[in-house]
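The structure file input.cif is reproduced below (mmCIF, C-alpha atoms).
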data_final
#
loop_
_atom_site.label_atom_id
_atom_site.label_comp_id
_atom_site.auth_asym_id
_atom_site.auth_seq_id
_atom_site.Cartn_x
_atom_site.Cartn_y
_atom_site.Cartn_z
CA MET I 1 -67.80 -68.97 44.84
CA VAL I 2 -67.21 -68.97 41.06
CA GLY I 3 -65.86 -67.30 37.95
CA PHE I 4 -67.80 -65.63 35.18
CA PHE I 5 -71.22 -66.28 33.66
CA TYR I 6 -71.54 -69.50 31.74
CA ALA I 7 -73.90 -70.61 29.02
CA SER I 8 -76.80 -73.00 29.44
CA PHE I 9 -74.98 -75.79 27.56
CA ASP I 10 -72.32 -75.67 30.31
CA LYS I 11 -75.04 -76.49 32.86
CA ILE I 12 -76.22 -79.41 30.70
CA ASN I 13 -72.65 -80.70 30.45
CA ASN I 14 -72.29 -80.48 34.24
CA ILE I 15 -75.47 -82.53 34.72
CA ASN I 16 -74.28 -85.13 32.24
CA GLU I 17 -70.86 -85.32 33.88
CA ASN I 18 -72.40 -85.74 37.32
CA ILE I 19 -74.58 -88.60 36.01
CA LEU I 20 -71.48 -90.31 34.63
CA MET I 21 -69.69 -89.81 37.94
CA SER I 22 -72.33 -91.87 39.73
CA GLY I 23 -70.58 -95.02 38.53
CA GLN I 24 -67.10 -93.84 39.41
CA LYS I 25 -64.98 -94.48 42.45
CA LEU I 26 -65.35 -92.16 45.44
CA LEU I 27 -62.37 -89.87 46.04
CA TYR I 28 -62.47 -90.85 49.72
CA PRO I 29 -63.69 -94.38 50.59
CA GLU I 30 -66.62 -94.66 52.97
CA GLU I 31 -65.59 -95.28 56.59
CA LYS I 32 -67.41 -96.86 59.50
CA THR I 33 -67.51 -94.80 62.68
CA LYS I 34 -65.13 -96.26 65.27
CA ASN I 35 -65.91 -93.97 68.22
CA HIS I 36 -69.53 -92.79 68.28
CA LEU I 37 -69.05 -90.50 71.28
CA LEU I 38 -66.20 -88.67 69.52
CA TYR I 39 -68.26 -88.56 66.33
CA PHE I 40 -71.14 -86.76 68.07
CA PHE I 41 -68.67 -84.43 69.77
CA ARG I 42 -67.34 -83.40 66.34
CA ILE I 43 -70.90 -82.74 65.16
CA LEU I 44 -71.40 -80.49 68.19
CA CYS I 45 -68.12 -78.68 67.43
CA LYS I 46 -69.23 -78.22 63.83
CA LEU I 47 -72.57 -76.71 64.89
CA ILE I 48 -70.84 -74.39 67.38
CA SER I 49 -68.42 -73.29 64.64
CA LEU I 50 -71.26 -72.50 62.24
CA PHE I 51 -73.00 -70.50 64.96
CA VAL I 52 -69.80 -68.52 65.66
CA PHE I 53 -69.37 -67.89 61.92
CA GLY I 54 -72.93 -66.59 61.63
CA ILE I 55 -72.57 -64.28 64.63
CA GLU I 56 -69.26 -62.86 63.35
CA THR I 57 -70.77 -62.25 59.92
CA ILE I 58 -73.81 -60.46 61.36
CA LEU I 59 -71.64 -58.28 63.64
CA VAL I 60 -69.46 -57.27 60.69
CA SER I 61 -72.54 -56.37 58.65
CA ILE I 62 -74.42 -54.35 61.28
CA ILE I 63 -71.55 -52.80 63.26
CA SER I 64 -68.22 -52.83 61.41
CA PHE I 65 -69.56 -51.79 58.00
CA PRO I 66 -71.44 -48.67 59.19
CA ILE I 67 -68.40 -47.58 61.22
CA GLY I 68 -66.13 -48.30 58.27
CA LYS I 69 -68.24 -46.15 55.97
CA LEU I 70 -67.92 -43.24 58.40
CA LEU I 71 -64.15 -43.65 58.63
CA PHE I 72 -63.44 -44.43 54.98
CA ARG I 73 -65.57 -42.28 52.69
CA LYS I 74 -63.97 -43.43 49.42
CA LYS I 75 -65.35 -46.78 48.29
CA ASN I 76 -62.00 -48.25 47.24
CA ILE I 77 -60.44 -47.40 50.62
CA PHE I 78 -63.49 -48.79 52.44
CA ARG I 79 -63.29 -52.04 50.48
CA TYR I 80 -59.54 -52.34 51.05
CA ASN I 81 -59.78 -51.96 54.83
CA MET I 82 -62.94 -54.02 55.29
CA ARG I 83 -61.47 -56.88 53.28
CA TYR I 84 -58.52 -56.88 55.64
CA LEU I 85 -60.96 -57.02 58.56
CA VAL I 86 -62.69 -60.04 57.01
CA TYR I 87 -59.25 -61.65 56.54
CA LEU I 88 -58.50 -61.17 60.26
CA LEU I 89 -61.91 -62.48 61.32
CA PHE I 90 -61.57 -65.57 59.12
CA GLN I 91 -58.12 -66.19 60.58
CA GLN I 92 -59.68 -66.08 64.05
CA PHE I 93 -62.55 -68.32 62.94
CA ILE I 94 -60.19 -70.95 61.50
CA GLY I 95 -58.07 -70.63 64.64
CA PHE I 96 -61.15 -71.29 66.77
CA MET I 97 -61.96 -74.41 64.75
CA TRP I 98 -58.36 -75.56 65.19
CA LEU I 99 -58.58 -74.92 68.95
CA ILE I 100 -61.63 -77.16 69.35
CA GLY I 101 -59.98 -79.82 67.23
CA ILE I 102 -62.20 -79.87 64.16
CA VAL I 103 -59.92 -78.22 61.55
CA LYS I 104 -56.19 -78.25 60.82
CA ILE I 105 -54.51 -76.22 58.06
CA LYS I 106 -51.32 -77.30 56.30
CA VAL I 107 -49.64 -75.12 53.64
CA ASN I 108 -46.67 -76.24 51.56
CA LYS I 109 -45.39 -72.66 51.18
CA LYS I 110 -46.15 -70.86 54.44
CA GLY I 111 -46.58 -67.11 54.09
CA TYR I 112 -46.45 -67.25 50.29
CA LEU I 113 -50.06 -66.28 49.62
CA LYS I 114 -49.95 -63.49 52.20
CA ASN I 115 -47.29 -61.72 50.14
CA VAL I 116 -48.72 -62.37 46.66
CA ARG I 117 -49.69 -59.26 44.69
CA SER I 118 -51.61 -58.66 41.44
CA SER I 119 -52.49 -62.31 40.91
CA ILE I 120 -55.56 -64.48 40.41
CA ILE I 121 -55.84 -67.29 42.96
CA VAL I 122 -57.83 -70.36 41.93
CA ALA I 123 -58.58 -73.56 43.85
CA ASN I 124 -60.64 -76.71 43.65
CA HIS I 125 -63.78 -76.64 45.79
CA PRO I 126 -64.41 -79.75 47.94
CA SER I 127 -66.25 -78.07 50.83
CA TYR I 128 -68.11 -74.98 52.03
CA LEU I 129 -65.21 -74.10 54.36
CA ASP I 130 -62.93 -73.53 51.35
CA SER I 131 -63.73 -69.82 51.16
CA PRO I 132 -62.91 -69.00 54.82
CA VAL I 133 -59.79 -71.19 54.63
CA MET I 134 -58.55 -69.44 51.48
CA ILE I 135 -59.51 -65.89 52.51
CA ALA I 136 -57.67 -66.46 55.80
CA GLN I 137 -54.49 -66.78 53.67
CA LEU I 138 -55.11 -63.64 51.57
CA PRO I 139 -55.13 -60.23 53.35
CA HIS I 140 -56.30 -58.15 50.39
CA THR I 141 -58.31 -60.35 48.08
CA SER I 142 -61.51 -59.77 46.16
CA VAL I 143 -63.66 -62.85 45.75
CA ILE I 144 -65.75 -63.63 42.69
CA ALA I 145 -68.74 -65.15 44.44
CA LYS I 146 -71.68 -67.29 43.43
CA ALA I 147 -74.69 -65.10 42.64
CA SER I 148 -76.98 -66.85 45.13
CA LEU I 149 -74.64 -65.92 48.01
CA SER I 150 -75.27 -62.23 47.32
CA LYS I 151 -78.99 -62.53 48.08
CA ARG I 152 -80.39 -63.99 51.30
CA ASN I 153 -77.32 -65.87 52.47
CA VAL I 154 -75.81 -64.75 55.80
CA MET I 155 -72.80 -63.49 53.80
CA HIS I 156 -74.83 -61.36 51.39
CA THR I 157 -73.90 -57.94 52.85
CA ILE I 158 -70.18 -58.73 52.87
CA ILE I 159 -70.30 -60.10 49.33
CA ASN I 160 -72.28 -57.17 47.90
CA GLU I 161 -70.14 -54.54 49.64
CA LEU I 162 -66.65 -56.02 49.22
CA TYR I 163 -66.62 -58.68 46.53
CA MET I 164 -67.96 -59.45 43.06
CA PRO I 165 -71.06 -61.67 42.78
CA THR I 166 -71.57 -63.26 39.38
CA SER I 167 -74.92 -61.47 39.13
CA MET I 168 -72.90 -58.30 38.49
CA PRO I 169 -72.78 -57.16 34.82
CA TYR I 170 -69.77 -58.64 33.03
CA GLU I 171 -68.26 -55.27 32.05
CA GLU I 172 -68.54 -53.94 35.60
CA MET I 173 -66.98 -57.08 37.04
CA MET I 174 -64.08 -56.95 34.60
CA GLN I 175 -63.48 -53.27 35.37
CA LEU I 176 -63.39 -53.93 39.13
CA ALA I 177 -61.07 -56.89 38.56
CA LYS I 178 -58.67 -54.74 36.54
CA GLU I 179 -58.69 -52.01 39.20
CA ASP I 180 -58.06 -54.48 42.03
CA LEU I 181 -55.17 -56.14 40.23
CA ALA I 182 -53.67 -52.81 39.18
CA ASN I 183 -53.69 -51.76 42.86
CA GLY I 184 -51.74 -54.86 43.85
CA ASN I 185 -54.67 -56.82 45.26
CA THR I 186 -55.49 -60.43 44.46
CA ILE I 187 -58.66 -62.00 43.08
CA MET I 188 -59.80 -65.39 44.34
CA LEU I 189 -62.31 -67.73 42.72
CA PHE I 190 -63.27 -71.38 42.34
CA PRO I 191 -63.29 -72.27 38.61
CA GLU I 192 -65.66 -75.22 39.14
CA GLY I 193 -68.45 -72.78 39.95
CA THR I 194 -69.81 -74.96 42.74
CA ARG I 195 -68.57 -77.57 45.21
CA SER I 196 -67.06 -80.76 43.78
CA THR I 197 -68.93 -84.04 43.81
CA PRO I 198 -67.74 -86.96 45.99
CA TYR I 199 -66.43 -88.52 42.75
CA GLY I 200 -64.26 -85.65 41.55
CA GLN I 201 -64.20 -82.11 40.27
CA ASN I 202 -66.70 -80.38 38.01
CA ARG I 203 -66.03 -78.82 34.63
CA TYR I 204 -63.91 -75.63 34.92
CA LYS I 205 -65.23 -72.22 33.86
CA LYS I 206 -63.00 -69.80 31.94
CA GLY I 207 -63.35 -66.74 34.22
CA ALA I 208 -59.85 -66.89 35.74
CA ALA I 209 -58.23 -67.29 32.32
CA ARG I 210 -60.22 -64.39 30.87
CA ILE I 211 -59.18 -62.05 33.68
CA SER I 212 -55.56 -63.17 33.37
CA LEU I 213 -55.48 -62.69 29.60
CA ALA I 214 -57.14 -59.27 29.89
CA THR I 215 -54.77 -57.99 32.60
CA GLY I 216 -51.53 -59.89 32.05
CA CYS I 217 -51.60 -61.12 35.67
CA PRO I 218 -50.66 -64.71 36.50
CA VAL I 219 -52.98 -67.40 37.84
CA ILE I 220 -51.78 -69.20 40.99
CA PRO I 221 -53.47 -72.60 41.43
CA VAL I 222 -53.96 -74.00 44.94
CA TYR I 223 -55.00 -77.61 45.40
CA ILE I 224 -57.10 -78.19 48.53
CA GLY I 225 -56.29 -81.70 49.68
CA GLY I 226 -56.09 -83.37 53.07
CA THR I 227 -58.68 -85.63 54.66
CA SER I 228 -62.24 -86.31 53.54
CA LYS I 229 -64.58 -83.31 53.83
CA LYS I 230 -67.59 -85.49 54.62
CA GLY I 231 -70.29 -83.29 56.15
CA LEU I 232 -69.04 -80.18 54.34
CA GLY I 233 -69.37 -81.33 50.75
CA LYS I 234 -72.06 -81.12 48.12
CA GLY I 235 -75.24 -82.87 49.24
CA ASP I 236 -73.95 -83.62 52.74
CA LYS I 237 -76.16 -83.14 55.79
CA ILE I 238 -75.46 -80.58 58.47
CA LEU I 239 -75.58 -83.25 61.22
CA GLN I 240 -72.76 -85.16 59.60
CA VAL I 241 -68.96 -85.12 59.89
CA ALA I 242 -66.04 -87.28 58.82
CA PRO I 243 -66.42 -90.55 60.78
CA ASN I 244 -63.00 -90.87 62.42
CA HIS I 245 -61.04 -87.64 62.14
CA GLY I 246 -61.18 -83.87 62.01
CA TYR I 247 -60.84 -81.92 58.78
CA VAL I 248 -57.33 -81.39 57.45
CA TYR I 249 -56.93 -78.80 54.69
CA ASP I 250 -53.65 -79.48 52.92
CA LEU I 251 -53.08 -76.43 50.69
CA GLN I 252 -50.65 -77.18 47.89
CA ILE I 253 -49.61 -73.95 46.17
CA LYS I 254 -48.60 -74.65 42.58
CA ALA I 255 -46.36 -72.76 40.15
CA PRO I 256 -48.08 -69.74 38.52
CA VAL I 257 -49.65 -70.08 35.09
CA TYR I 258 -48.72 -67.04 32.99
CA PRO I 259 -50.93 -65.60 30.22
CA ASP I 260 -47.91 -64.90 27.99
CA GLU I 261 -47.83 -68.60 27.17
CA PHE I 262 -51.12 -68.17 25.28
CA LYS I 263 -50.75 -64.62 23.93
CA ASP I 264 -50.36 -65.66 20.28
CA LEU I 265 -53.67 -67.56 20.23
CA PRO I 266 -57.11 -66.10 19.42
CA GLU I 267 -58.82 -64.91 22.61
CA ALA I 268 -61.41 -67.70 22.84
CA ILE I 269 -58.86 -70.44 22.19
CA ALA I 270 -56.36 -68.86 24.60
CA ALA I 271 -58.97 -68.83 27.38
CA LYS I 272 -59.85 -72.46 26.67
CA ARG I 273 -56.22 -73.65 26.60
CA MET I 274 -55.29 -71.72 29.74
CA THR I 275 -58.32 -73.13 31.57
CA GLN I 276 -57.31 -76.64 30.48
CA LYS I 277 -53.83 -76.13 31.90
CA ILE I 278 -55.22 -74.85 35.21
CA ARG I 279 -57.55 -77.86 35.35
CA GLU I 280 -54.65 -80.25 34.72
CA VAL I 281 -52.58 -78.67 37.49
CA LEU I 282 -55.48 -78.87 39.97
CA SER I 283 -56.89 -82.24 38.93
CA ASP I 284 -57.50 -84.83 41.65
CA GLU I 285 -55.53 -87.34 39.60
CA ALA I 286 -52.43 -85.13 39.57
CA ASN I 287 -52.74 -84.43 43.30
CA GLU I 288 -53.68 -87.85 44.63
CA GLN I 289 -50.73 -87.81 47.06
CA TYR I 290 -52.26 -84.81 48.85
CA ARG I 291 -55.52 -86.64 49.65
CA TYR I 292 -55.43 -88.86 52.71
#
Give the structure from this file in structure tokens form.
Amino acid sequence: MVGFFYASFDKINNINENILMSGQKLLYPEEKTKNHLLYFFRILCKLISLFVFGIETILVSIISFPIGKLLFRKKNIFRYNMRYLVYLLFQQFIGFMWLIGIVKIKVNKKGYLKNVRSSIIVANHPSYLDSPVMIAQLPHTSVIAKASLSKRNVMHTIINELYMPTSMPYEEMMQLAKEDLANGNTIMLFPEGTRSTPYGQNRYKKGAARISLATGCPVIPVYIGGTSKKGLGKGDKILQVAPNHGYVYDLQIKAPVYPDEFKDLPEAIAAKRMTQKIREVLSDEANEQYRY
């Protein structure tokens, strides 16, 4: 899940940065498996969880959405109520993963995100469970999602009906973002544009800053720390988990970044400076104590 469109030179910079990262230190050191039986049990739990997630997503798409469209004829009301349904389902899904011992969620400000209104929520992106974990904290959020997820992915119906894929025209996306924020909803996105590498975060896109500057709404950064997300990260295999522990998601909610701080700057520079500040707040270096 990502912010706005980015130019081709951004992609080149990402490739170059990833090449440089190959010589850097891993965020989480490699571990040797201590208990192989427990390791294979966690793999089984992971596969069961993915199966449950797929079934829930399909049921929402083929049953809940058609019923919702009959009950809520206006599109904005349909989106509002169906997003809340997805929030409840993701809470249940994360609860199921907690029950079988594969995931644990820690939040430094419990209940804070649930009550946030008219704000843009941004987070680093270490794993593919980040979206369910974050949406499970946000009852009425609209997600700016990676374009590829709106096509043949199992989530494509939910994304196309409720959220904003980056394949959407810029003007249409900005208009929907303004409407959502004006109605008190939140917008959630991952500024990196894709999952982080094992060596650190990717270059941040300016989408969150642009929305904030255009609407006057604050950006609330959330650092996703905790244990290694081995098996859920970029390039990891499906039959792979962290060697000696379950996944802990330590959500550290940071102080809001307000657009007024940059209001006297030209638009392009303001977006760049605001994005830099968000990146500094969410950097792995600044949040090393929340990785363990």
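For the atom pair formed by CA of Ala182 (chain I) and CA of Thr215 (chain I), the distance is 8.4 Å, given to one decimal.
Note that CA of Asp180 (chain I) and CA of Gly95 (chain I) are 27.8 Å apart.
Remark: residues at most 7 Å from position (-55.9, -89.8, 54.7) in file coordinates are Gly226, Thr227, Arg291 and Tyr292 of chain I, using only C-alpha atoms.
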Evaluating the PyMOL selection byres ((chain I and resi 252-266) around 7) on the displayed file yields which residues, as a list in words?
Val107, Asn108, Lys109, Ser212, Leu213, Gly216, Pro218, Val219, Ile220, Pro221, Val222, Tyr223, Ile224, Asp250, Leu251, Glu267, Ala268, Ile269 and Ala270 of chain I
Would you export the selected residues with C-alpha atoms as a PDB file, keeping the file's coordinate frame, please?
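Written out: result.pdb:
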ATOM      1  CA  VAL I 107     -49.640 -75.120  53.640  1.00  0.00           C
ATOM      2  CA  ASN I 108     -46.670 -76.240  51.560  1.00  0.00           C
ATOM      3  CA  LYS I 109     -45.390 -72.660  51.180  1.00  0.00           C
ATOM      4  CA  SER I 212     -55.560 -63.170  33.370  1.00  0.00           C
ATOM      5  CA  LEU I 213     -55.480 -62.690  29.600  1.00  0.00           C
ATOM      6  CA  GLY I 216     -51.530 -59.890  32.050  1.00  0.00           C
ATOM      7  CA  PRO I 218     -50.660 -64.710  36.500  1.00  0.00           C
ATOM      8  CA  VAL I 219     -52.980 -67.400  37.840  1.00  0.00           C
ATOM      9  CA  ILE I 220     -51.780 -69.200  40.990  1.00  0.00           C
ATOM     10  CA  PRO I 221     -53.470 -72.600  41.430  1.00  0.00           C
ATOM     11  CA  VAL I 222     -53.960 -74.000  44.940  1.00  0.00           C
ATOM     12  CA  TYR I 223     -55.000 -77.610  45.400  1.00  0.00           C
ATOM     13  CA  ILE I 224     -57.100 -78.190  48.530  1.00  0.00           C
ATOM     14  CA  ASP I 250     -53.650 -79.480  52.920  1.00  0.00           C
ATOM     15  CA  LEU I 251     -53.080 -76.430  50.690  1.00  0.00           C
ATOM     16  CA  GLU I 267     -58.820 -64.910  22.610  1.00  0.00           C
ATOM     17  CA  ALA I 268     -61.410 -67.700  22.840  1.00  0.00           C
ATOM     18  CA  ILE I 269     -58.860 -70.440  22.190  1.00  0.00           C
ATOM     19  CA  ALA I 270     -56.360 -68.860  24.600  1.00  0.00           C
TER      20      ALA I 270
END
Surrounding residues of region 76-93 of chain I excluding itself and chain neighbours under 6 positions, 6 Å, only C-alpha atoms, as a PDB file with C-alpha atoms, in the frame of the given file:
ATOM      1  CA  PRO I 132     -62.910 -69.000  54.820  1.00  0.00           C
ATOM      2  CA  ILE I 135     -59.510 -65.890  52.510  1.00  0.00           C
ATOM      3  CA  ALA I 136     -57.670 -66.460  55.800  1.00  0.00           C
ATOM      4  CA  PRO I 139     -55.130 -60.230  53.350  1.00  0.00           C
ATOM      5  CA  HIS I 140     -56.300 -58.150  50.390  1.00  0.00           C
ATOM      6  CA  LEU I 162     -66.650 -56.020  49.220  1.00  0.00           C
TER       7      LEU I 162
END
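Each of I:Ile121, I:Leu129, I:Ile100, I:Ile63 was checked against Lys230 (chain I) using all atoms listed in the file; the smallest atom-to-atom distance is that of I:Leu129.
In terms of minimum interatomic distance to Tyr128 (chain I), I:Gly231 ranks closest within I:Pro66, I:Gly231, I:Gly246, I:Gly200, counting only C-alpha atoms.
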Complete the atoms of region 228-247 of chain I to N, CA, C and O atoms and put them out as a PDB file, in the frame of the given file.
ATOM      1  N   SER I 228     -60.878 -86.397  54.074  1.00  0.00           N
ATOM      2  CA  SER I 228     -62.240 -86.310  53.540  1.00  0.00           C
ATOM      3  C   SER I 228     -62.990 -85.140  54.169  1.00  0.00           C
ATOM      4  O   SER I 228     -62.863 -84.863  55.358  1.00  0.00           O
ATOM      5  N   LYS I 229     -63.779 -84.437  53.348  1.00  0.00           N
ATOM      6  CA  LYS I 229     -64.580 -83.310  53.830  1.00  0.00           C
ATOM      7  C   LYS I 229     -66.046 -83.711  54.028  1.00  0.00           C
ATOM      8  O   LYS I 229     -66.955 -82.897  53.873  1.00  0.00           O
ATOM      9  N   LYS I 230     -66.238 -84.976  54.393  1.00  0.00           N
ATOM     10  CA  LYS I 230     -67.590 -85.490  54.620  1.00  0.00           C
ATOM     11  C   LYS I 230     -68.321 -84.607  55.637  1.00  0.00           C
ATOM     12  O   LYS I 230     -67.807 -84.310  56.705  1.00  0.00           O
ATOM     13  N   GLY I 231     -69.529 -84.183  55.291  1.00  0.00           N
ATOM     14  CA  GLY I 231     -70.290 -83.290  56.150  1.00  0.00           C
ATOM     15  C   GLY I 231     -70.188 -81.835  55.740  1.00  0.00           C
ATOM     16  O   GLY I 231     -70.965 -80.990  56.190  1.00  0.00           O
ATOM     17  N   LEU I 232     -69.218 -81.540  54.847  1.00  0.00           N
ATOM     18  CA  LEU I 232     -69.040 -80.180  54.340  1.00  0.00           C
ATOM     19  C   LEU I 232     -69.183 -80.122  52.818  1.00  0.00           C
ATOM     20  O   LEU I 232     -69.148 -79.045  52.234  1.00  0.00           O
ATOM     21  N   GLY I 233     -69.343 -81.266  52.203  1.00  0.00           N
ATOM     22  CA  GLY I 233     -69.370 -81.330  50.750  1.00  0.00           C
ATOM     23  C   GLY I 233     -70.757 -81.178  50.160  1.00  0.00           C
ATOM     24  O   GLY I 233     -71.750 -80.976  50.866  1.00  0.00           O
ATOM     25  N   LYS I 234     -70.801 -81.284  48.859  1.00  0.00           N
ATOM     26  CA  LYS I 234     -72.060 -81.120  48.120  1.00  0.00           C
ATOM     27  C   LYS I 234     -73.025 -82.249  48.467  1.00  0.00           C
ATOM     28  O   LYS I 234     -72.696 -83.431  48.373  1.00  0.00           O
ATOM     29  N   GLY I 235     -74.225 -81.892  48.908  1.00  0.00           N
ATOM     30  CA  GLY I 235     -75.240 -82.870  49.240  1.00  0.00           C
ATOM     31  C   GLY I 235     -75.134 -83.462  50.631  1.00  0.00           C
ATOM     32  O   GLY I 235     -75.994 -84.255  51.034  1.00  0.00           O
ATOM     33  N   ASP I 236     -74.095 -83.089  51.385  1.00  0.00           N
ATOM     34  CA  ASP I 236     -73.950 -83.620  52.740  1.00  0.00           C
ATOM     35  C   ASP I 236     -74.927 -82.955  53.701  1.00  0.00           C
ATOM     36  O   ASP I 236     -75.358 -81.812  53.487  1.00  0.00           O
ATOM     37  N   LYS I 237     -75.235 -83.652  54.782  1.00  0.00           N
ATOM     38  CA  LYS I 237     -76.160 -83.140  55.790  1.00  0.00           C
ATOM     39  C   LYS I 237     -75.410 -82.360  56.852  1.00  0.00           C
ATOM     40  O   LYS I 237     -74.244 -82.636  57.133  1.00  0.00           O
ATOM     41  N   ILE I 238     -76.106 -81.415  57.460  1.00  0.00           N
ATOM     42  CA  ILE I 238     -75.460 -80.580  58.470  1.00  0.00           C
ATOM     43  C   ILE I 238     -75.082 -81.388  59.705  1.00  0.00           C
ATOM     44  O   ILE I 238     -74.053 -81.130  60.337  1.00  0.00           O
ATOM     45  N   LEU I 239     -75.882 -82.406  60.055  1.00  0.00           N
ATOM     46  CA  LEU I 239     -75.580 -83.250  61.220  1.00  0.00           C
ATOM     47  C   LEU I 239     -74.749 -84.445  60.778  1.00  0.00           C
ATOM     48  O   LEU I 239     -75.111 -85.599  60.988  1.00  0.00           O
ATOM     49  N   GLN I 240     -73.617 -84.134  60.166  1.00  0.00           N
ATOM     50  CA  GLN I 240     -72.760 -85.160  59.600  1.00  0.00           C
ATOM     51  C   GLN I 240     -71.330 -84.636  59.589  1.00  0.00           C
ATOM     52  O   GLN I 240     -71.093 -83.463  59.281  1.00  0.00           O
ATOM     53  N   VAL I 241     -70.378 -85.477  59.962  1.00  0.00           N
ATOM     54  CA  VAL I 241     -68.960 -85.120  59.890  1.00  0.00           C
ATOM     55  C   VAL I 241     -68.189 -86.338  59.399  1.00  0.00           C
ATOM     56  O   VAL I 241     -68.745 -87.426  59.254  1.00  0.00           O
ATOM     57  N   ALA I 242     -66.891 -86.140  59.173  1.00  0.00           N
ATOM     58  CA  ALA I 242     -66.040 -87.280  58.820  1.00  0.00           C
ATOM     59  C   ALA I 242     -66.054 -88.274  59.986  1.00  0.00           C
ATOM     60  O   ALA I 242     -65.949 -87.864  61.146  1.00  0.00           O
ATOM     61  N   PRO I 243     -66.193 -89.561  59.719  1.00  0.00           N
ATOM     62  CA  PRO I 243     -66.420 -90.550  60.780  1.00  0.00           C
ATOM     63  C   PRO I 243     -65.342 -90.624  61.852  1.00  0.00           C
ATOM     64  O   PRO I 243     -65.645 -90.737  63.033  1.00  0.00           O
ATOM     65  N   ASN I 244     -64.061 -90.534  61.456  1.00  0.00           N
ATOM     66  CA  ASN I 244     -63.000 -90.870  62.420  1.00  0.00           C
ATOM     67  C   ASN I 244     -61.877 -89.839  62.545  1.00  0.00           C
ATOM     68  O   ASN I 244     -60.817 -90.156  63.073  1.00  0.00           O
ATOM     69  N   HIS I 245     -62.115 -88.635  62.062  1.00  0.00           N
ATOM     70  CA  HIS I 245     -61.040 -87.640  62.140  1.00  0.00           C
ATOM     71  C   HIS I 245     -61.615 -86.237  61.938  1.00  0.00           C
ATOM     72  O   HIS I 245     -62.737 -86.071  61.451  1.00  0.00           O
ATOM     73  N   GLY I 246     -60.819 -85.247  62.321  1.00  0.00           N
ATOM     74  CA  GLY I 246     -61.180 -83.870  62.010  1.00  0.00           C
ATOM     75  C   GLY I 246     -60.859 -83.566  60.554  1.00  0.00           C
ATOM     76  O   GLY I 246     -60.432 -84.442  59.792  1.00  0.00           O
ATOM     77  N   TYR I 247     -61.073 -82.327  60.167  1.00  0.00           N
ATOM     78  CA  TYR I 247     -60.840 -81.920  58.780  1.00  0.00           C
ATOM     79  C   TYR I 247     -59.441 -81.329  58.631  1.00  0.00           C
ATOM     80  O   TYR I 247     -59.113 -80.339  59.270  1.00  0.00           O
TER      81      TYR I 247
END
